[in-house]
Amino acid sequence: MNVEERIQELKAERKAIILAHNYQPPEIQDLADFVGDSLGLSQQAASTDAEVIIFCGVDFMAESAKILSPQKKVILPDAEAMCPMAAMCTDVELAPIKERYPEAAVVAYVNTSAAVKTLADVCCTSSNAVKVVGSIPQKRIIFVPDRNLGAYVQRFHPDKEILLWPGYCPTHHDITVGEVMEIKGKHPQAKLIVHPECTPEVIDLADHVSSTEGMIKYVRSSEAEEFIVGTEMDMTYRLSKVCPGKRYYPIPSAVCPNMKRIDGPSLLKALETLSPEIELSPETIEAARRPLERMMEIGRGD
């Protein structure tokens with residue numbers, strides 16, 4: 001029995017569901033029950049009768065799944081699969097800033113730890129950040145942790161003061177104008193789609209700016225046949241699966257090493273041992289759930 005067959009056998013035995021983020025390697029995407037963005041996957045898992053969630057992604061994603069499904073066992077196959085941007089903002093660092101600006105609302109990107117979410121008034125995703133900020137009455141916003149996403153949101157809400165946390169996604173932040181222009185020179189007919197975690201200079205070049213799921217919607221509705229994909233490069237694999245017949249050009253440097261830590265053997269081991277397990281206190285789950293629920297009441301964006 002090969003690794004893939006054993007994974008399927010164990011999945012049935014454990015009553016498990018396998019989730020894979022859009023940035024996971026193709027082999028993991030192919031093994032997953034659901035592929036998508038982090039919050040969407042957690043919501044899908046919560047709606048199933050699975051007893052075990054195997055989350056192929058990074059730490060904050062698995063924590064979100066645990067927050068939304070506290071009764072389920074949540075496994076992150078590699079404990080070292082961490083999001084560097086999420087690590088750039090801790091609850092210890094955020095607490096005094098929140099005290100300094102008591103009139104401000106704390107908007108926490110879902111790419112944050114459970115501990116940071118406990119201090120937030122509302123969460124947001126890359127697809128609904130603009131909508132979330134526009135829906136809250138406060139004029140001053142503490143936006144954590146991604147300064148690029150926060151700056152993008154500021155474009156749509158000039159009436160609000162958005163205090164930007166100095167965090168960023170290295171994978172998106174390091175995509176350069178020069179690199180993009182070089183690919184555009186090779187494929188002049190291609191539409192450039194980029195993630196709002198990119199720098200303002202790269203965003204200014206884009207034909208479309210959106211979350212990963214928003215990219216899928218855009219490609220599906222576009223008459224264009226070629227796309228330069230300005231996000232983690234394995235998003236091109238997801239696009240090729242859901243929107244075949246079109247051509248996708250990745251940004252060669254846009255590789256998240258943390259998203260590549262999970263492979264077939266580590267996924268198999270996670271199913272065999274049901275570890276490493278995500279464990280959060282009931283108090284943390286309750287406090288972190290509130291800003292997520294408030295966000296879900298506001299709704300999706302793109």
# chains A, B, ... in the order shown; residues from 1 in each chain; ligands from 1

$ residues_around --residues "A:Val107" --least-positions-apart "3" --cutoff "8 Å" --atoms "only C-alpha atoms" --output "list in words"
Ala120, Asp121, Val122, Cys123, Cys124, Val133, Ile141, Ile142, Phe143 and Val144 of chain A

$ select_by_dssp --residues "stretch 52-210 of chain A" --states "strand (DSSP E)" --output "count of residues only"
31

$ select_by_dssp --residues "stretch 20-244 of chain A" --states "alpha helix (DSSP H)" --output "tab-separated table (two decimals) with C-alpha atoms, in the first residue's frame"
chain	number	residue	atom	x	y	z
A	26	PRO	CA	0.26	20.21	-5.62
A	27	GLU	CA	0.58	16.74	-4.07
A	28	ILE	CA	-1.10	17.98	-0.88
A	29	GLN	CA	-3.81	19.86	-2.75
A	30	ASP	CA	-4.60	16.62	-4.61
A	31	LEU	CA	-4.96	14.67	-1.35
A	38	SER	CA	-7.72	29.79	5.47
A	39	LEU	CA	-11.00	31.02	6.91
A	40	GLY	CA	-13.13	29.40	4.23
A	41	LEU	CA	-11.53	26.05	4.99
A	42	SER	CA	-12.17	26.41	8.71
A	43	GLN	CA	-15.81	27.25	8.03
A	44	GLN	CA	-16.19	24.25	5.73
A	45	ALA	CA	-14.66	21.93	8.31
A	46	ALA	CA	-16.99	23.26	11.02
A	59	ASP	CA	-0.18	27.66	12.57
A	60	PHE	CA	-2.75	30.46	12.68
A	61	MET	CA	-4.95	28.61	10.17
A	62	ALA	CA	-5.11	25.51	12.35
A	63	GLU	CA	-5.84	27.70	15.38
A	64	SER	CA	-8.77	29.30	13.53
A	65	ALA	CA	-10.12	25.85	12.75
A	66	LYS	CA	-9.92	24.97	16.46
A	67	ILE	CA	-11.68	28.21	17.42
A	68	LEU	CA	-14.57	27.48	15.05
A	91	ASP	CA	-0.66	39.93	22.31
A	92	VAL	CA	2.09	41.22	24.61
A	93	GLU	CA	3.05	43.84	22.02
A	94	LEU	CA	-0.51	44.75	21.05
A	95	ALA	CA	-1.96	45.20	24.55
A	96	PRO	CA	-0.11	48.47	25.38
A	97	ILE	CA	-0.92	49.94	21.96
A	98	LYS	CA	-4.58	49.18	22.54
A	99	GLU	CA	-4.36	50.95	25.91
A	100	ARG	CA	-2.66	53.96	24.30
A	114	ALA	CA	-5.42	33.14	18.64
A	115	ALA	CA	-3.92	35.23	21.46
A	116	VAL	CA	-3.92	38.37	19.28
A	117	LYS	CA	-7.50	37.70	18.19
A	129	ALA	CA	-10.86	43.93	4.94
A	130	VAL	CA	-12.17	46.97	3.05
A	131	LYS	CA	-15.76	46.04	3.92
A	132	VAL	CA	-14.99	45.34	7.58
A	133	VAL	CA	-13.19	48.64	8.16
A	134	GLY	CA	-16.01	50.51	6.42
A	135	SER	CA	-18.64	48.84	8.59
A	147	ARG	CA	1.01	47.01	6.84
A	148	ASN	CA	0.55	46.38	3.12
A	149	LEU	CA	-3.04	45.14	3.49
A	150	GLY	CA	-3.72	48.01	5.89
A	151	ALA	CA	-2.36	50.54	3.39
A	152	TYR	CA	-4.53	48.99	0.68
A	153	VAL	CA	-7.61	49.36	2.90
A	154	GLN	CA	-6.68	52.99	3.59
A	155	ARG	CA	-7.11	53.76	-0.14
A	156	PHE	CA	-10.83	53.05	0.20
A	170	PRO	CA	7.82	38.14	3.27
A	171	THR	CA	6.57	36.16	0.27
A	172	HIS	CA	4.35	38.98	-1.00
A	173	HIS	CA	6.43	41.89	0.25
A	177	VAL	CA	8.20	45.93	-9.58
A	178	GLY	CA	11.21	44.88	-11.64
A	179	GLU	CA	10.30	41.21	-11.40
A	180	VAL	CA	6.70	41.90	-12.38
A	181	MET	CA	7.69	44.13	-15.30
A	182	GLU	CA	10.05	41.47	-16.61
A	183	ILE	CA	7.24	38.90	-16.72
A	184	LYS	CA	4.84	41.45	-18.23
A	185	GLY	CA	7.42	42.07	-20.95
A	186	LYS	CA	7.41	38.37	-21.83
A	200	PRO	CA	1.71	49.50	-2.91
A	201	GLU	CA	4.07	49.82	-5.88
A	202	VAL	CA	3.19	46.34	-7.14
A	203	ILE	CA	-0.51	46.85	-6.45
A	212	THR	CA	-6.85	33.97	-3.55
A	213	GLU	CA	-10.50	33.01	-3.81
A	214	GLY	CA	-11.18	36.39	-5.40
A	215	MET	CA	-8.55	35.56	-8.00
A	216	ILE	CA	-10.48	32.44	-8.94
A	217	LYS	CA	-13.69	34.45	-9.38
A	218	TYR	CA	-11.88	37.02	-11.50
A	219	VAL	CA	-10.26	34.44	-13.77
A	220	ARG	CA	-13.55	32.59	-14.23
A	221	SER	CA	-15.35	35.75	-15.31
A	235	MET	CA	-1.78	29.32	-6.52
A	236	THR	CA	-1.18	28.73	-10.21
A	237	TYR	CA	-1.77	25.01	-9.63
A	238	ARG	CA	-5.12	25.69	-7.96
A	239	LEU	CA	-6.11	28.01	-10.81
A	240	SER	CA	-5.13	25.41	-13.41
A	241	LYS	CA	-7.39	22.87	-11.68
A	242	VAL	CA	-10.48	25.05	-11.26

$ residues_around --residues "A:Lys260" --least-positions-apart "4" --cutoff "8 Å" --atoms "only C-alpha atoms" --output "number ranges by chain"
A: 24-25, 256

$ closest_residue --among "A:Leu10, A:Ile262, A:Ile17, A:Ile228" --to "A:Glu80" --atoms "only C-alpha atoms"
A:Ile262

$ residues_around --residues "A:Asp174" --least-positions-apart "3" --cutoff "9 Å" --atoms "only C-alpha atoms" --output "PyMOL selection string"
chain A and resi 169-171+198-199+253-254

$ residues_around --residues "A:Ala20" --least-positions-apart "6" --cutoff "7 Å" --atoms "only C-alpha atoms" --output "PyMOL selection string"
chain A and resi 28-29+32+34-36+55-57

$ write_last_selection --atoms "N, CA and C atoms" --output "compact mmCIF listing (two decimals), in the first residue's frame"
# COMPACT_ATOMS: atom_id res chain seq x y z
N ILE A 28 -0.24 17.83 -2.04
CA ILE A 28 -1.10 17.98 -0.88
C ILE A 28 -2.49 18.48 -1.30
N GLN A 29 -2.52 19.40 -2.24
CA GLN A 29 -3.81 19.86 -2.75
C GLN A 29 -4.61 18.67 -3.32
N ALA A 32 -6.31 16.54 -0.59
CA ALA A 32 -7.23 17.21 0.31
C ALA A 32 -8.69 17.01 -0.07
N PHE A 34 -10.84 19.48 0.84
CA PHE A 34 -11.16 20.86 0.46
C PHE A 34 -9.86 21.64 0.29
N VAL A 35 -9.83 22.48 -0.74
CA VAL A 35 -8.71 23.39 -0.97
C VAL A 35 -9.28 24.79 -1.03
N GLY A 36 -8.62 25.75 -0.38
CA GLY A 36 -9.14 27.10 -0.41
C GLY A 36 -8.35 28.04 0.45
N PHE A 55 -5.15 20.04 9.12
CA PHE A 55 -5.03 21.31 8.41
C PHE A 55 -3.64 21.44 7.81
N CYS A 56 -3.58 21.35 6.49
CA CYS A 56 -2.32 21.51 5.77
C CYS A 56 -2.18 22.98 5.42
N GLY A 57 -1.48 23.69 6.28
CA GLY A 57 -1.30 25.12 6.13
C GLY A 57 -0.26 25.58 7.13

$ residues_around --residues "A:Met88" --least-positions-apart "6" --cutoff "8 Å" --atoms "only C-alpha atoms" --output "ChimeraX atom specification"
/A:145,166-168

$ closest_residue --among "A:Leu164, A:Ala16, A:Ile285, A:Val3" --to "A:Asp49" --atoms "only C-alpha atoms"
A:Ala16

$ atom_distance --atom1 "atom CA of A:Cys89" --atom2 "atom CA of A:Ser210"
23.2 Å

$ closest_residue --among "A:Arg294, A:Arg289, A:Arg261, A:His195" --to "A:Asp78" --atoms "only C-alpha atoms"
A:Arg261

$ closest_residue --among "A:Pro250, A:Gly264, A:Pro244, A:Pro257" --to "A:Ile18" --atoms "only C-alpha atoms"
A:Gly264

$ residues_around --residues "A:Ala287" --least-positions-apart "3" --cutoff "8 Å" --atoms "only C-alpha atoms" --output "PyMOL selection string"
chain A and resi 117-119+283-284+290-291

$ closest_residue --among "A:Ile136, A:Val52, A:Leu192, A:Leu271" --to "A:Glu9" --atoms "only C-alpha atoms"
A:Leu271
